[in-house]
$ cat query-v4.txt   # compact mmCIF, C-alpha atoms and all ligand atoms
# COMPACT_ATOMS: atom_id res chain seq x y z
CA MET Z 975 38.77 21.64 -74.86
CA PRO Z 976 41.83 23.43 -76.29
CA PRO Z 977 43.16 26.40 -74.29
CA ALA Z 978 41.87 29.86 -75.21
CA ILE Z 979 45.46 30.97 -75.71
CA ARG Z 980 48.77 29.19 -75.76
CA PHE Z 981 52.15 30.78 -75.02
CA ASP Z 982 55.34 29.14 -76.20
CA VAL Z 983 58.48 30.85 -74.94
CA VAL Z 984 61.96 30.25 -76.31
CA THR Z 985 64.54 30.99 -73.65
CA VAL Z 986 67.85 29.93 -72.13
CA PHE Z 987 66.15 30.09 -68.70
CA PRO Z 988 62.95 28.01 -69.02
CA GLU Z 989 62.96 27.21 -65.31
CA ILE Z 990 62.12 30.77 -64.24
CA PHE Z 991 58.63 30.77 -65.82
CA GLY Z 992 57.03 28.07 -63.65
CA PRO Z 993 57.42 29.82 -60.29
CA VAL Z 994 56.28 33.21 -61.62
CA PHE Z 995 53.03 31.83 -63.01
CA ALA Z 996 52.39 29.18 -60.35
CA ALA Z 997 50.06 31.53 -58.49
CA GLY Z 998 47.67 34.37 -59.20
CA VAL Z 999 45.40 35.05 -62.15
CA VAL Z 1000 47.53 33.32 -64.79
CA GLY Z 1001 48.24 30.33 -62.54
CA ARG Z 1002 44.51 29.84 -61.97
CA ALA Z 1003 43.79 30.22 -65.69
CA MET Z 1004 46.42 27.56 -66.42
CA ALA Z 1005 44.93 25.21 -63.83
CA ARG Z 1006 41.53 25.66 -65.50
CA GLY Z 1007 43.02 24.93 -68.93
CA LEU Z 1008 42.21 28.38 -70.33
CA VAL Z 1009 45.85 29.37 -70.71
CA GLN Z 1010 48.67 27.07 -71.66
CA LEU Z 1011 52.29 28.05 -71.19
CA GLU Z 1012 55.37 26.14 -72.25
CA ALA Z 1013 58.91 27.43 -71.87
CA HIS Z 1014 61.30 25.75 -74.30
CA ASP Z 1015 64.98 25.43 -73.45
CA LEU Z 1016 66.92 26.93 -76.36
CA ARG Z 1017 69.91 24.78 -75.42
CA ARG Z 1018 67.93 21.68 -76.40
CA TYR Z 1019 68.29 22.88 -80.00
CA ALA Z 1020 72.06 23.46 -79.82
CA HIS Z 1021 74.17 21.45 -82.22
CA ASP Z 1022 77.31 20.74 -80.19
CA ARG Z 1023 77.85 18.73 -77.05
CA HIS Z 1024 78.50 21.89 -75.01
CA ARG Z 1025 74.99 23.02 -75.96
CA GLN Z 1026 76.33 26.38 -77.06
CA VAL Z 1027 73.66 28.78 -78.29
CA ASP Z 1028 75.77 31.95 -78.60
CA ASP Z 1029 78.85 33.07 -80.47
CA VAL Z 1030 81.03 36.16 -80.93
CA PRO Z 1031 79.61 38.98 -83.09
CA TYR Z 1032 80.74 39.30 -86.69
CA GLY Z 1033 82.56 42.61 -87.09
CA GLY Z 1034 83.92 42.45 -83.55
CA GLY Z 1035 82.79 44.13 -80.37
CA PRO Z 1036 81.98 42.96 -76.88
CA GLY Z 1037 79.67 40.18 -75.77
CA MET Z 1038 77.96 37.30 -77.50
CA VAL Z 1039 75.07 36.95 -79.93
CA LEU Z 1040 72.42 34.19 -79.97
CA LYS Z 1041 73.15 31.92 -82.93
CA PRO Z 1042 70.55 31.47 -85.68
CA GLU Z 1043 70.43 27.65 -85.98
CA PRO Z 1044 68.99 26.77 -82.54
CA LEU Z 1045 66.49 29.64 -82.76
CA PHE Z 1046 65.32 28.74 -86.27
CA GLU Z 1047 64.86 25.11 -85.28
CA ALA Z 1048 63.09 25.86 -82.01
CA ILE Z 1049 60.70 28.32 -83.67
CA GLU Z 1050 59.95 25.97 -86.58
CA GLU Z 1051 59.16 23.11 -84.20
CA ILE Z 1052 56.87 25.30 -82.10
CA LYS Z 1053 55.08 26.67 -85.17
CA ALA Z 1054 53.80 23.16 -85.86
CA HIS Z 1055 51.47 23.43 -82.84
CA ASN Z 1056 51.15 27.19 -82.29
CA SER Z 1057 49.66 29.20 -85.15
CA GLY Z 1058 50.05 32.56 -83.39
CA PRO Z 1059 52.56 35.26 -84.33
CA VAL Z 1060 56.24 34.86 -83.56
CA ILE Z 1061 57.28 37.82 -81.42
CA LEU Z 1062 60.89 38.75 -80.73
CA LEU Z 1063 61.33 40.66 -77.50
CA GLU Z 1064 63.58 43.58 -78.40
CA PRO Z 1065 64.23 46.96 -76.72
CA TRP Z 1066 63.81 48.68 -80.11
CA GLY Z 1067 60.55 46.90 -80.99
CA GLU Z 1068 57.06 48.42 -81.09
CA ARG Z 1069 56.01 49.53 -77.63
CA PHE Z 1070 53.80 47.12 -75.69
CA ASP Z 1071 50.67 48.78 -74.30
CA GLN Z 1072 47.08 47.87 -73.44
CA GLY Z 1073 46.00 48.27 -77.08
CA LEU Z 1074 48.60 45.77 -78.24
CA ALA Z 1075 47.71 43.47 -75.32
CA ARG Z 1076 44.07 43.50 -76.52
CA GLU Z 1077 45.14 42.74 -80.07
CA LEU Z 1078 47.37 39.85 -78.97
CA ALA Z 1079 44.64 38.45 -76.69
CA GLY Z 1080 42.64 37.75 -79.87
CA GLU Z 1081 45.32 35.38 -81.16
CA PRO Z 1082 45.14 31.61 -80.63
CA GLY Z 1083 48.68 31.73 -79.30
CA LEU Z 1084 51.94 33.66 -79.12
CA VAL Z 1085 55.49 32.47 -79.68
CA LEU Z 1086 57.72 34.66 -77.54
CA VAL Z 1087 61.44 34.61 -78.31
CA CYS Z 1088 63.73 35.89 -75.56
CA GLY Z 1089 67.11 37.35 -76.43
CA ARG Z 1090 70.12 37.43 -74.11
CA TYR Z 1091 73.64 38.86 -74.15
CA GLU Z 1092 74.09 41.31 -77.07
CA GLY Z 1093 70.91 40.09 -78.73
CA ILE Z 1094 69.66 37.78 -81.44
CA ASP Z 1095 71.28 37.14 -84.84
CA ASP Z 1096 69.25 39.40 -87.15
CA ARG Z 1097 68.46 36.60 -89.59
CA VAL Z 1098 65.96 35.28 -87.03
CA ARG Z 1099 64.08 38.57 -87.30
CA GLN Z 1100 64.31 38.54 -91.09
CA ALA Z 1101 63.08 34.98 -91.62
CA GLN Z 1102 61.08 33.92 -88.58
CA ALA Z 1103 59.58 36.88 -86.74
CA ASP Z 1104 56.14 38.40 -87.32
CA ARG Z 1105 56.81 41.35 -85.05
CA GLU Z 1106 59.28 42.79 -82.57
CA VAL Z 1107 57.98 44.08 -79.25
CA SER Z 1108 59.55 46.16 -76.48
CA ILE Z 1109 58.09 46.64 -72.99
CA GLY Z 1110 59.72 50.07 -72.63
CA ASP Z 1111 62.64 52.27 -73.46
CA TYR Z 1112 65.23 50.65 -71.23
CA VAL Z 1113 67.50 47.66 -71.67
CA LEU Z 1114 66.88 44.45 -69.74
CA SER Z 1115 69.45 41.66 -69.50
CA GLY Z 1116 67.12 39.31 -71.29
CA GLY Z 1117 63.71 38.99 -72.90
CA GLU Z 1118 62.28 36.75 -70.15
CA LEU Z 1119 60.85 39.53 -67.97
CA ALA Z 1120 59.37 41.16 -71.06
CA ALA Z 1121 57.77 37.85 -72.08
CA MET Z 1122 56.30 37.51 -68.57
CA VAL Z 1123 54.84 41.01 -68.72
CA ILE Z 1124 53.18 40.20 -72.04
CA ILE Z 1125 51.88 36.81 -70.85
CA ASP Z 1126 50.35 38.39 -67.76
CA ALA Z 1127 48.79 41.42 -69.45
CA VAL Z 1128 47.45 39.39 -72.41
CA SER Z 1129 46.10 36.51 -70.31
CA ARG Z 1130 43.90 38.73 -68.14
CA LEU Z 1131 42.18 39.98 -71.32
CA VAL Z 1132 41.28 36.49 -72.49
CA PRO Z 1133 37.54 35.95 -71.86
CA GLY Z 1134 36.91 33.88 -68.75
CA VAL Z 1135 40.37 34.37 -67.23
CA LEU Z 1136 39.28 37.03 -64.74
CA GLY Z 1137 36.59 35.66 -62.47
CA ASP Z 1138 34.82 38.98 -62.15
CA GLU Z 1139 34.50 40.69 -65.56
CA GLU Z 1140 33.82 43.93 -63.67
CA SER Z 1141 37.44 44.17 -62.61
CA LEU Z 1142 38.46 44.24 -66.27
CA ALA Z 1143 35.96 46.98 -67.13
CA GLY Z 1144 37.22 49.25 -64.32
CA ASP Z 1145 40.90 48.75 -65.10
CA SER Z 1146 43.11 51.60 -66.19
CA PHE Z 1147 43.36 51.67 -70.02
CA ALA Z 1148 40.23 49.49 -70.40
CA GLY Z 1149 38.34 52.56 -71.59
CA ASP Z 1150 39.25 56.21 -72.04
CA GLU Z 1151 40.01 56.72 -68.38
CA LEU Z 1152 42.41 55.42 -65.79
CA GLY Z 1153 41.19 53.48 -62.76
CA HIS Z 1154 39.71 55.34 -59.78
CA PRO Z 1155 41.27 55.16 -56.29
CA GLN Z 1156 40.29 52.10 -54.25
CA TYR Z 1157 39.85 51.73 -50.48
CA THR Z 1158 39.08 48.85 -48.15
CA ARG Z 1159 38.55 48.47 -44.40
CA PRO Z 1160 39.34 50.00 -41.93
CA ALA Z 1161 37.52 53.27 -42.59
CA GLU Z 1162 40.30 55.14 -40.78
CA TYR Z 1163 43.95 54.21 -40.53
CA ARG Z 1164 46.65 56.39 -38.97
CA GLY Z 1165 44.41 59.40 -39.31
CA LEU Z 1166 43.74 58.76 -43.01
CA ARG Z 1167 40.01 58.47 -43.66
CA VAL Z 1168 38.21 56.76 -46.49
CA PRO Z 1169 36.15 59.39 -48.40
CA GLU Z 1170 32.70 59.65 -46.75
CA VAL Z 1171 30.83 59.05 -50.01
CA LEU Z 1172 32.17 55.49 -50.18
CA LEU Z 1173 30.66 54.75 -46.77
CA SER Z 1174 27.31 56.32 -47.68
CA GLY Z 1175 25.78 53.31 -49.43
CA ASN Z 1176 24.47 55.70 -52.10
CA HIS Z 1177 25.46 53.89 -55.28
CA LYS Z 1178 24.64 56.76 -57.61
CA GLU Z 1179 26.86 59.14 -55.67
CA ILE Z 1180 29.60 56.53 -55.36
CA GLU Z 1181 29.55 56.00 -59.13
CA ALA Z 1182 29.70 59.77 -59.76
CA TRP Z 1183 32.60 60.14 -57.31
CA ARG Z 1184 34.50 57.31 -58.96
CA ARG Z 1185 33.99 58.77 -62.42
CA ALA Z 1186 35.19 62.19 -61.23
CA GLN Z 1187 38.27 60.68 -59.58
CA ALA Z 1188 39.10 58.63 -62.68
CA ARG Z 1189 38.77 61.78 -64.79
CA ARG Z 1190 41.01 63.73 -62.41
CA ARG Z 1191 43.67 61.04 -62.50
CA THR Z 1192 43.48 60.81 -66.30
CA LEU Z 1193 43.81 64.58 -66.76
CA ALA Z 1194 46.61 64.81 -64.20
CA ARG Z 1195 48.61 62.19 -66.02
CA ALA Z 1196 47.92 63.64 -69.44
CA GLY Z 1197 49.12 67.08 -68.33
CA ALA Z 1198 51.90 65.97 -66.03
CA PRO Z 1199 55.33 67.15 -67.17
CA ARG Z 1200 57.97 64.43 -67.30
CA PRO Z 1201 60.26 64.75 -64.29
CA GLU Z 1202 63.71 66.28 -64.93
CA ARG Z 1203 66.55 63.77 -65.01
N1 LIG Z 1301 72.32 45.04 -77.55
C1 LIG Z 1301 70.91 45.10 -77.55
C2 LIG Z 1301 70.43 46.48 -77.96
O1 LIG Z 1301 71.04 47.45 -77.53
O2 LIG Z 1301 69.39 46.59 -78.64
C3 LIG Z 1301 70.37 44.80 -76.16
C4 LIG Z 1301 70.44 43.36 -75.81
S1 LIG Z 1301 69.70 43.03 -74.24
C5 LIG Z 1301 71.07 43.16 -73.13
C6 LIG Z 1301 69.39 41.32 -74.28
C7 LIG Z 1301 67.96 40.93 -74.63
O3 LIG Z 1301 67.09 41.43 -73.65
C8 LIG Z 1301 67.42 41.45 -75.93
O4 LIG Z 1301 67.85 40.66 -77.03
C9 LIG Z 1301 65.93 41.36 -75.71
O5 LIG Z 1301 65.44 40.05 -75.95
C10 LIG Z 1301 65.81 41.64 -74.23
N2 LIG Z 1301 65.36 43.00 -73.91
C11 LIG Z 1301 66.12 43.98 -73.39
N3 LIG Z 1301 65.42 45.10 -73.19
C12 LIG Z 1301 64.16 44.84 -73.59
C13 LIG Z 1301 62.97 45.60 -73.64
N4 LIG Z 1301 62.94 46.87 -73.24
N5 LIG Z 1301 61.86 45.00 -74.10
C14 LIG Z 1301 61.88 43.72 -74.52
N6 LIG Z 1301 62.99 42.94 -74.49
C15 LIG Z 1301 64.12 43.48 -74.03

$ encode --input "query-v4.txt" --output "structure tokens"
Amino acid sequence: MPPAIRFDVVTVFPEIFGPVFAAGVVGRAMARGLVQLEAHDLRRYAHDRHRQVDDVPYGGGPGMVLKPEPLFEAIEEIKAHNSGPVILLEPWGERFDQGLARELAGEPGLVLVCGRYEGIDDRVRQAQADREVSIGDYVLSGGELAAMVIIDAVSRLVPGVLGDEESLAGDSFAGDELGHPQYTRPAEYRGLRVPEVLLSGNHKEIEAWRRAQARRRTLARAGAPRPER
């Protein structure tokens, strides 16, 4: 059976993906064949014997830019077996959120292209990319962490990946409301008690309490002023 979703990542650091996804939800989904992940070493597509994938920016300025040829060739090779959209990770891209994660989880695969240094030669965006995605308004040193965030958030939305579908339904952003507070044993720890209603065994009251708490959290966040910086 083919995987439900396949991630192909283009990166200069392919070795960092294995350890991150060796365990946990995505690791289990990979072991079960539901999710497939391959990190491709961009340097394999370099043209010179030093395997150089970057060069100085036209027009001057500091740093290096990822060259177009290795990226074009890597993406074209991957496209032969991954029909999903090609996504460039970029700080100025459209903002990744749960809605976009849901949309991407419906794809057969994603091709995630990680920039480094000063970024990616813009011709890759012009000719090869379907969309550009950012995980937030800050600048990372590379696209790898952003790709990992997307792989994790998208994978858990693929049907069958989470063992207990309930945990998806109760997640923050799954519906209109954020998740409610959770507690586990012991019932009291350092003077902090678990709310009595959760110990009552009354499922109707527990459900009502959870809904009220989720509502409170949602309203608090919606109305919360951004902290001064
Ligand atoms: N000079 C670029 C700019 O200001 O737009 C920033 C380059 S950044 C140091 C190197 C790479 O990290 C980018 O090409 C991109 O792949 C990745 N990156 C940085 N911040 C990101 C973010 N917020 N979301 C997704 N990718 C990001």

$ closest_residue --input "query-v4.txt" --among "Z:Gly1117, Z:Pro1133, Z:Gly1153, Z:Gly1197" --to "Z:Thr985" --atoms "only C-alpha atoms"
Z:Gly1117

$ residues_near_ligand --input "query-v4.txt" --ligand "ligand LIG 1301 (chain Z)" --cutoff "7 Å" --atoms "all atoms listed in the file" --output "list of chain:residue names"
Z:Leu1062, Z:Leu1063, Z:Glu1064, Z:Pro1065, Z:Trp1066, Z:Cys1088, Z:Gly1089, Z:Arg1090, Z:Tyr1091, Z:Glu1092, Z:Gly1093, Z:Ile1094, Z:Val1107, Z:Ser1108, Z:Ile1109, Z:Gly1110, Z:Asp1111, Z:Tyr1112, Z:Val1113, Z:Leu1114, Z:Ser1115, Z:Gly1116, Z:Gly1117, Z:Ala1120

$ write_last_selection --input "query-v4.txt" --atoms "C-alpha atoms" --output "CSV table (one decimal), keeping the file's coordinate frame"
chain,number,residue,atom,x,y,z
Z,1062,LEU,CA,60.9,38.8,-80.7
Z,1063,LEU,CA,61.3,40.7,-77.5
Z,1064,GLU,CA,63.6,43.6,-78.4
Z,1065,PRO,CA,64.2,47.0,-76.7
Z,1066,TRP,CA,63.8,48.7,-80.1
Z,1088,CYS,CA,63.7,35.9,-75.6
Z,1089,GLY,CA,67.1,37.4,-76.4
Z,1090,ARG,CA,70.1,37.4,-74.1
Z,1091,TYR,CA,73.6,38.9,-74.2
Z,1092,GLU,CA,74.1,41.3,-77.1
Z,1093,GLY,CA,70.9,40.1,-78.7
Z,1094,ILE,CA,69.7,37.8,-81.4
Z,1107,VAL,CA,58.0,44.1,-79.2
Z,1108,SER,CA,59.6,46.2,-76.5
Z,1109,ILE,CA,58.1,46.6,-73.0
Z,1110,GLY,CA,59.7,50.1,-72.6
Z,1111,ASP,CA,62.6,52.3,-73.5
Z,1112,TYR,CA,65.2,50.6,-71.2
Z,1113,VAL,CA,67.5,47.7,-71.7
Z,1114,LEU,CA,66.9,44.4,-69.7
Z,1115,SER,CA,69.4,41.7,-69.5
Z,1116,GLY,CA,67.1,39.3,-71.3
Z,1117,GLY,CA,63.7,39.0,-72.9
Z,1120,ALA,CA,59.4,41.2,-71.1

$ closest_residue --input "query-v4.txt" --among "Z:Pro1042, Z:Gly1134, Z:Gly1035, Z:Gly1144" --to "Z:Arg1006" --atoms "all atoms listed in the file"
Z:Gly1134

$ closest_residue --input "query-v4.txt" --among "Z:Gly992, Z:Pro1169, Z:Pro1082, Z:Gly1137" --to "Z:Met1122" --atoms "all atoms listed in the file"
Z:Gly992

$ closest_residue --input "query-v4.txt" --among "Z:Gln1010, Z:Leu1084, Z:Trp1183, Z:Arg1025" --to "Z:Val984" --atoms "all atoms listed in the file"
Z:Leu1084

$ atom_distance --input "query-v4.txt" --atom1 "atom CA of Z:Asp1029" --atom2 "atom CA of Z:Val983"
21.2 Å

$ closest_atom_pairs --input "query-v4.txt" --of "stretch 1086-1142 of chain Z" --to "stretch 1075-1080 of chain Z" --cutoff "10 Å" --atoms "only C-alpha atoms" --output "CSV"
residue,atom,partner,partner_atom,distance
Z:Ile1124,CA,Z:Ala1075,CA,7.2
Z:Ile1125,CA,Z:Ala1075,CA,9.0
Z:Asp1126,CA,Z:Ala1075,CA,9.5
Z:Ala1127,CA,Z:Ala1075,CA,6.3
Z:Val1128,CA,Z:Ala1075,CA,5.0
Z:Ser1129,CA,Z:Ala1079,CA,6.8
Z:Arg1130,CA,Z:Ala1079,CA,8.6
Z:Leu1131,CA,Z:Ala1079,CA,6.1
Z:Val1132,CA,Z:Ala1079,CA,5.7
Z:Pro1133,CA,Z:Ala1079,CA,8.9

$ residues_around --input "query-v4.txt" --residues "Z:Phe981" --least-positions-apart "4" --cutoff "6 Å" --atoms "all atoms listed in the file" --output "PyMOL selection string"
chain Z and resi 1011+1083-1085

$ write_last_selection --input "query-v4.txt" --atoms "C-alpha atoms" --output "PDB file, in the frame of the given file"
ATOM      1  CA  LEU Z1011      52.290  28.050 -71.190  1.00  0.00           C
ATOM      2  CA  GLY Z1083      48.680  31.730 -79.300  1.00  0.00           C
ATOM      3  CA  LEU Z1084      51.940  33.660 -79.120  1.00  0.00           C
ATOM      4  CA  VAL Z1085      55.490  32.470 -79.680  1.00  0.00           C
TER       5      VAL Z1085
END

$ closest_residue --input "query-v4.txt" --among "Z:Asp1028, Z:Asp1071, Z:Glu1151, Z:Glu1118" --to "Z:Ala1013" --atoms "all atoms listed in the file"
Z:Glu1118

$ atom_distance --input "query-v4.txt" --atom1 "atom CA of Z:Asp1095" --atom2 "atom CA of Z:Glu1047"
13.6 Å

$ atom_distance --input "query-v4.txt" --atom1 "atom CA of Z:Pro1044" --atom2 "atom CA of Z:Ala1020"
5.3 Å

$ decode --input "query-v4.txt" --residues "stretch 1029-1055 of chain Z" --atoms "N, CA, C and O atoms" --output "PDB file, in the first residue's frame"
ATOM      1  N   ASP Z1029      26.587  30.575  -3.821  1.00  0.00           N
ATOM      2  CA  ASP Z1029      27.505  31.501  -4.491  1.00  0.00           C
ATOM      3  C   ASP Z1029      27.189  32.911  -3.994  1.00  0.00           C
ATOM      4  O   ASP Z1029      26.137  33.133  -3.363  1.00  0.00           O
ATOM      5  N   VAL Z1030      28.064  33.858  -4.327  1.00  0.00           N
ATOM      6  CA  VAL Z1030      27.888  35.235  -3.847  1.00  0.00           C
ATOM      7  C   VAL Z1030      26.667  35.878  -4.535  1.00  0.00           C
ATOM      8  O   VAL Z1030      26.336  35.530  -5.665  1.00  0.00           O
ATOM      9  N   PRO Z1031      25.993  36.812  -3.858  1.00  0.00           N
ATOM     10  CA  PRO Z1031      24.810  37.427  -4.471  1.00  0.00           C
ATOM     11  C   PRO Z1031      25.175  38.410  -5.583  1.00  0.00           C
ATOM     12  O   PRO Z1031      26.119  39.193  -5.424  1.00  0.00           O
ATOM     13  N   TYR Z1032      24.438  38.336  -6.686  1.00  0.00           N
ATOM     14  CA  TYR Z1032      24.568  39.382  -7.706  1.00  0.00           C
ATOM     15  C   TYR Z1032      24.172  40.701  -7.066  1.00  0.00           C
ATOM     16  O   TYR Z1032      23.217  40.756  -6.278  1.00  0.00           O
ATOM     17  N   GLY Z1033      24.880  41.770  -7.429  1.00  0.00           N
ATOM     18  CA  GLY Z1033      24.565  43.088  -6.879  1.00  0.00           C
ATOM     19  C   GLY Z1033      25.317  43.379  -5.595  1.00  0.00           C
ATOM     20  O   GLY Z1033      25.198  44.461  -5.038  1.00  0.00           O
ATOM     21  N   GLY Z1034      26.046  42.373  -5.096  1.00  0.00           N
ATOM     22  CA  GLY Z1034      26.846  42.565  -3.892  1.00  0.00           C
ATOM     23  C   GLY Z1034      26.060  42.330  -2.620  1.00  0.00           C
ATOM     24  O   GLY Z1034      24.885  41.976  -2.649  1.00  0.00           O
ATOM     25  N   GLY Z1035      26.737  42.560  -1.500  1.00  0.00           N
ATOM     26  CA  GLY Z1035      26.105  42.340  -0.202  1.00  0.00           C
ATOM     27  C   GLY Z1035      26.691  41.124   0.474  1.00  0.00           C
ATOM     28  O   GLY Z1035      27.440  40.359  -0.135  1.00  0.00           O
ATOM     29  N   PRO Z1036      26.345  40.981   1.767  1.00  0.00           N
ATOM     30  CA  PRO Z1036      26.966  39.906   2.547  1.00  0.00           C
ATOM     31  C   PRO Z1036      26.354  38.542   2.243  1.00  0.00           C
ATOM     32  O   PRO Z1036      25.257  38.434   1.693  1.00  0.00           O
ATOM     33  N   GLY Z1037      27.080  37.503   2.637  1.00  0.00           N
ATOM     34  CA  GLY Z1037      26.525  36.149   2.632  1.00  0.00           C
ATOM     35  C   GLY Z1037      26.504  35.490   1.266  1.00  0.00           C
ATOM     36  O   GLY Z1037      27.039  36.001   0.285  1.00  0.00           O
ATOM     37  N   MET Z1038      25.864  34.342   1.243  1.00  0.00           N
ATOM     38  CA  MET Z1038      25.807  33.505   0.046  1.00  0.00           C
ATOM     39  C   MET Z1038      24.350  33.169  -0.268  1.00  0.00           C
ATOM     40  O   MET Z1038      23.486  33.202   0.609  1.00  0.00           O
ATOM     41  N   VAL Z1039      24.135  32.820  -1.535  1.00  0.00           N
ATOM     42  CA  VAL Z1039      22.773  32.492  -1.993  1.00  0.00           C
ATOM     43  C   VAL Z1039      22.798  31.076  -2.573  1.00  0.00           C
ATOM     44  O   VAL Z1039      23.769  30.698  -3.236  1.00  0.00           O
ATOM     45  N   LEU Z1040      21.746  30.291  -2.324  1.00  0.00           N
ATOM     46  CA  LEU Z1040      21.691  28.934  -2.899  1.00  0.00           C
ATOM     47  C   LEU Z1040      21.509  29.019  -4.409  1.00  0.00           C
ATOM     48  O   LEU Z1040      20.585  29.681  -4.899  1.00  0.00           O
ATOM     49  N   LYS Z1041      22.378  28.342  -5.128  1.00  0.00           N
ATOM     50  CA  LYS Z1041      22.414  28.406  -6.595  1.00  0.00           C
ATOM     51  C   LYS Z1041      21.178  27.734  -7.207  1.00  0.00           C
ATOM     52  O   LYS Z1041      20.653  26.774  -6.644  1.00  0.00           O
ATOM     53  N   PRO Z1042      20.775  28.182  -8.391  1.00  0.00           N
ATOM     54  CA  PRO Z1042      19.579  27.569  -8.989  1.00  0.00           C
ATOM     55  C   PRO Z1042      19.768  26.146  -9.519  1.00  0.00           C
ATOM     56  O   PRO Z1042      18.872  25.317  -9.367  1.00  0.00           O
ATOM     57  N   GLU Z1043      20.937  25.840 -10.135  1.00  0.00           N
ATOM     58  CA  GLU Z1043      21.034  24.542 -10.848  1.00  0.00           C
ATOM     59  C   GLU Z1043      20.791  23.327  -9.949  1.00  0.00           C
ATOM     60  O   GLU Z1043      19.968  22.462 -10.300  1.00  0.00           O
ATOM     61  N   PRO Z1044      21.470  23.224  -8.781  1.00  0.00           N
ATOM     62  CA  PRO Z1044      21.218  22.031  -7.952  1.00  0.00           C
ATOM     63  C   PRO Z1044      19.765  21.959  -7.483  1.00  0.00           C
ATOM     64  O   PRO Z1044      19.176  20.870  -7.452  1.00  0.00           O
ATOM     65  N   LEU Z1045      19.173  23.111  -7.174  1.00  0.00           N
ATOM     66  CA  LEU Z1045      17.780  23.110  -6.696  1.00  0.00           C
ATOM     67  C   LEU Z1045      16.820  22.705  -7.812  1.00  0.00           C
ATOM     68  O   LEU Z1045      15.936  21.867  -7.604  1.00  0.00           O
ATOM     69  N   PHE Z1046      17.001  23.267  -8.993  1.00  0.00           N
ATOM     70  CA  PHE Z1046      16.132  22.879 -10.120  1.00  0.00           C
ATOM     71  C   PHE Z1046      16.208  21.362 -10.337  1.00  0.00           C
ATOM     72  O   PHE Z1046      15.197  20.685 -10.488  1.00  0.00           O
ATOM     73  N   GLU Z1047      17.437  20.852 -10.356  1.00  0.00           N
ATOM     74  CA  GLU Z1047      17.599  19.424 -10.691  1.00  0.00           C
ATOM     75  C   GLU Z1047      17.056  18.521  -9.596  1.00  0.00           C
ATOM     76  O   GLU Z1047      16.429  17.494  -9.878  1.00  0.00           O
ATOM     77  N   ALA Z1048      17.275  18.908  -8.351  1.00  0.00           N
ATOM     78  CA  ALA Z1048      16.745  18.098  -7.238  1.00  0.00           C
ATOM     79  C   ALA Z1048      15.217  18.087  -7.295  1.00  0.00           C
ATOM     80  O   ALA Z1048      14.584  17.028  -7.216  1.00  0.00           O
ATOM     81  N   ILE Z1049      14.623  19.259  -7.467  1.00  0.00           N
ATOM     82  CA  ILE Z1049      13.150  19.355  -7.463  1.00  0.00           C
ATOM     83  C   ILE Z1049      12.571  18.575  -8.644  1.00  0.00           C
ATOM     84  O   ILE Z1049      11.599  17.824  -8.493  1.00  0.00           O
ATOM     85  N   GLU Z1050      13.193  18.707  -9.807  1.00  0.00           N
ATOM     86  CA  GLU Z1050      12.668  17.993 -10.990  1.00  0.00           C
ATOM     87  C   GLU Z1050      12.739  16.481 -10.798  1.00  0.00           C
ATOM     88  O   GLU Z1050      11.811  15.751 -11.159  1.00  0.00           O
ATOM     89  N   GLU Z1051      13.820  16.007 -10.194  1.00  0.00           N
ATOM     90  CA  GLU Z1051      13.942  14.561  -9.952  1.00  0.00           C
ATOM     91  C   GLU Z1051      12.864  14.093  -8.964  1.00  0.00           C
ATOM     92  O   GLU Z1051      12.224  13.055  -9.161  1.00  0.00           O
ATOM     93  N   ILE Z1052      12.650  14.867  -7.929  1.00  0.00           N
ATOM     94  CA  ILE Z1052      11.664  14.482  -6.906  1.00  0.00           C
ATOM     95  C   ILE Z1052      10.247  14.509  -7.479  1.00  0.00           C
ATOM     96  O   ILE Z1052       9.421  13.645  -7.175  1.00  0.00           O
ATOM     97  N   LYS Z1053       9.988  15.480  -8.342  1.00  0.00           N
ATOM     98  CA  LYS Z1053       8.637  15.607  -8.919  1.00  0.00           C
ATOM     99  C   LYS Z1053       8.221  14.349  -9.683  1.00  0.00           C
ATOM    100  O   LYS Z1053       7.035  14.089  -9.860  1.00  0.00           O
ATOM    101  N   ALA Z1054       9.182  13.571 -10.128  1.00  0.00           N
ATOM    102  CA  ALA Z1054       8.859  12.353 -10.872  1.00  0.00           C
ATOM    103  C   ALA Z1054       8.139  11.338  -9.982  1.00  0.00           C
ATOM    104  O   ALA Z1054       7.411  10.487 -10.475  1.00  0.00           O
ATOM    105  N   HIS Z1055       8.343  11.403  -8.661  1.00  0.00           N
ATOM    106  CA  HIS Z1055       7.657  10.440  -7.790  1.00  0.00           C
ATOM    107  C   HIS Z1055       6.848  11.104  -6.682  1.00  0.00           C
ATOM    108  O   HIS Z1055       6.323  10.432  -5.801  1.00  0.00           O
TER     109      HIS Z1055
END
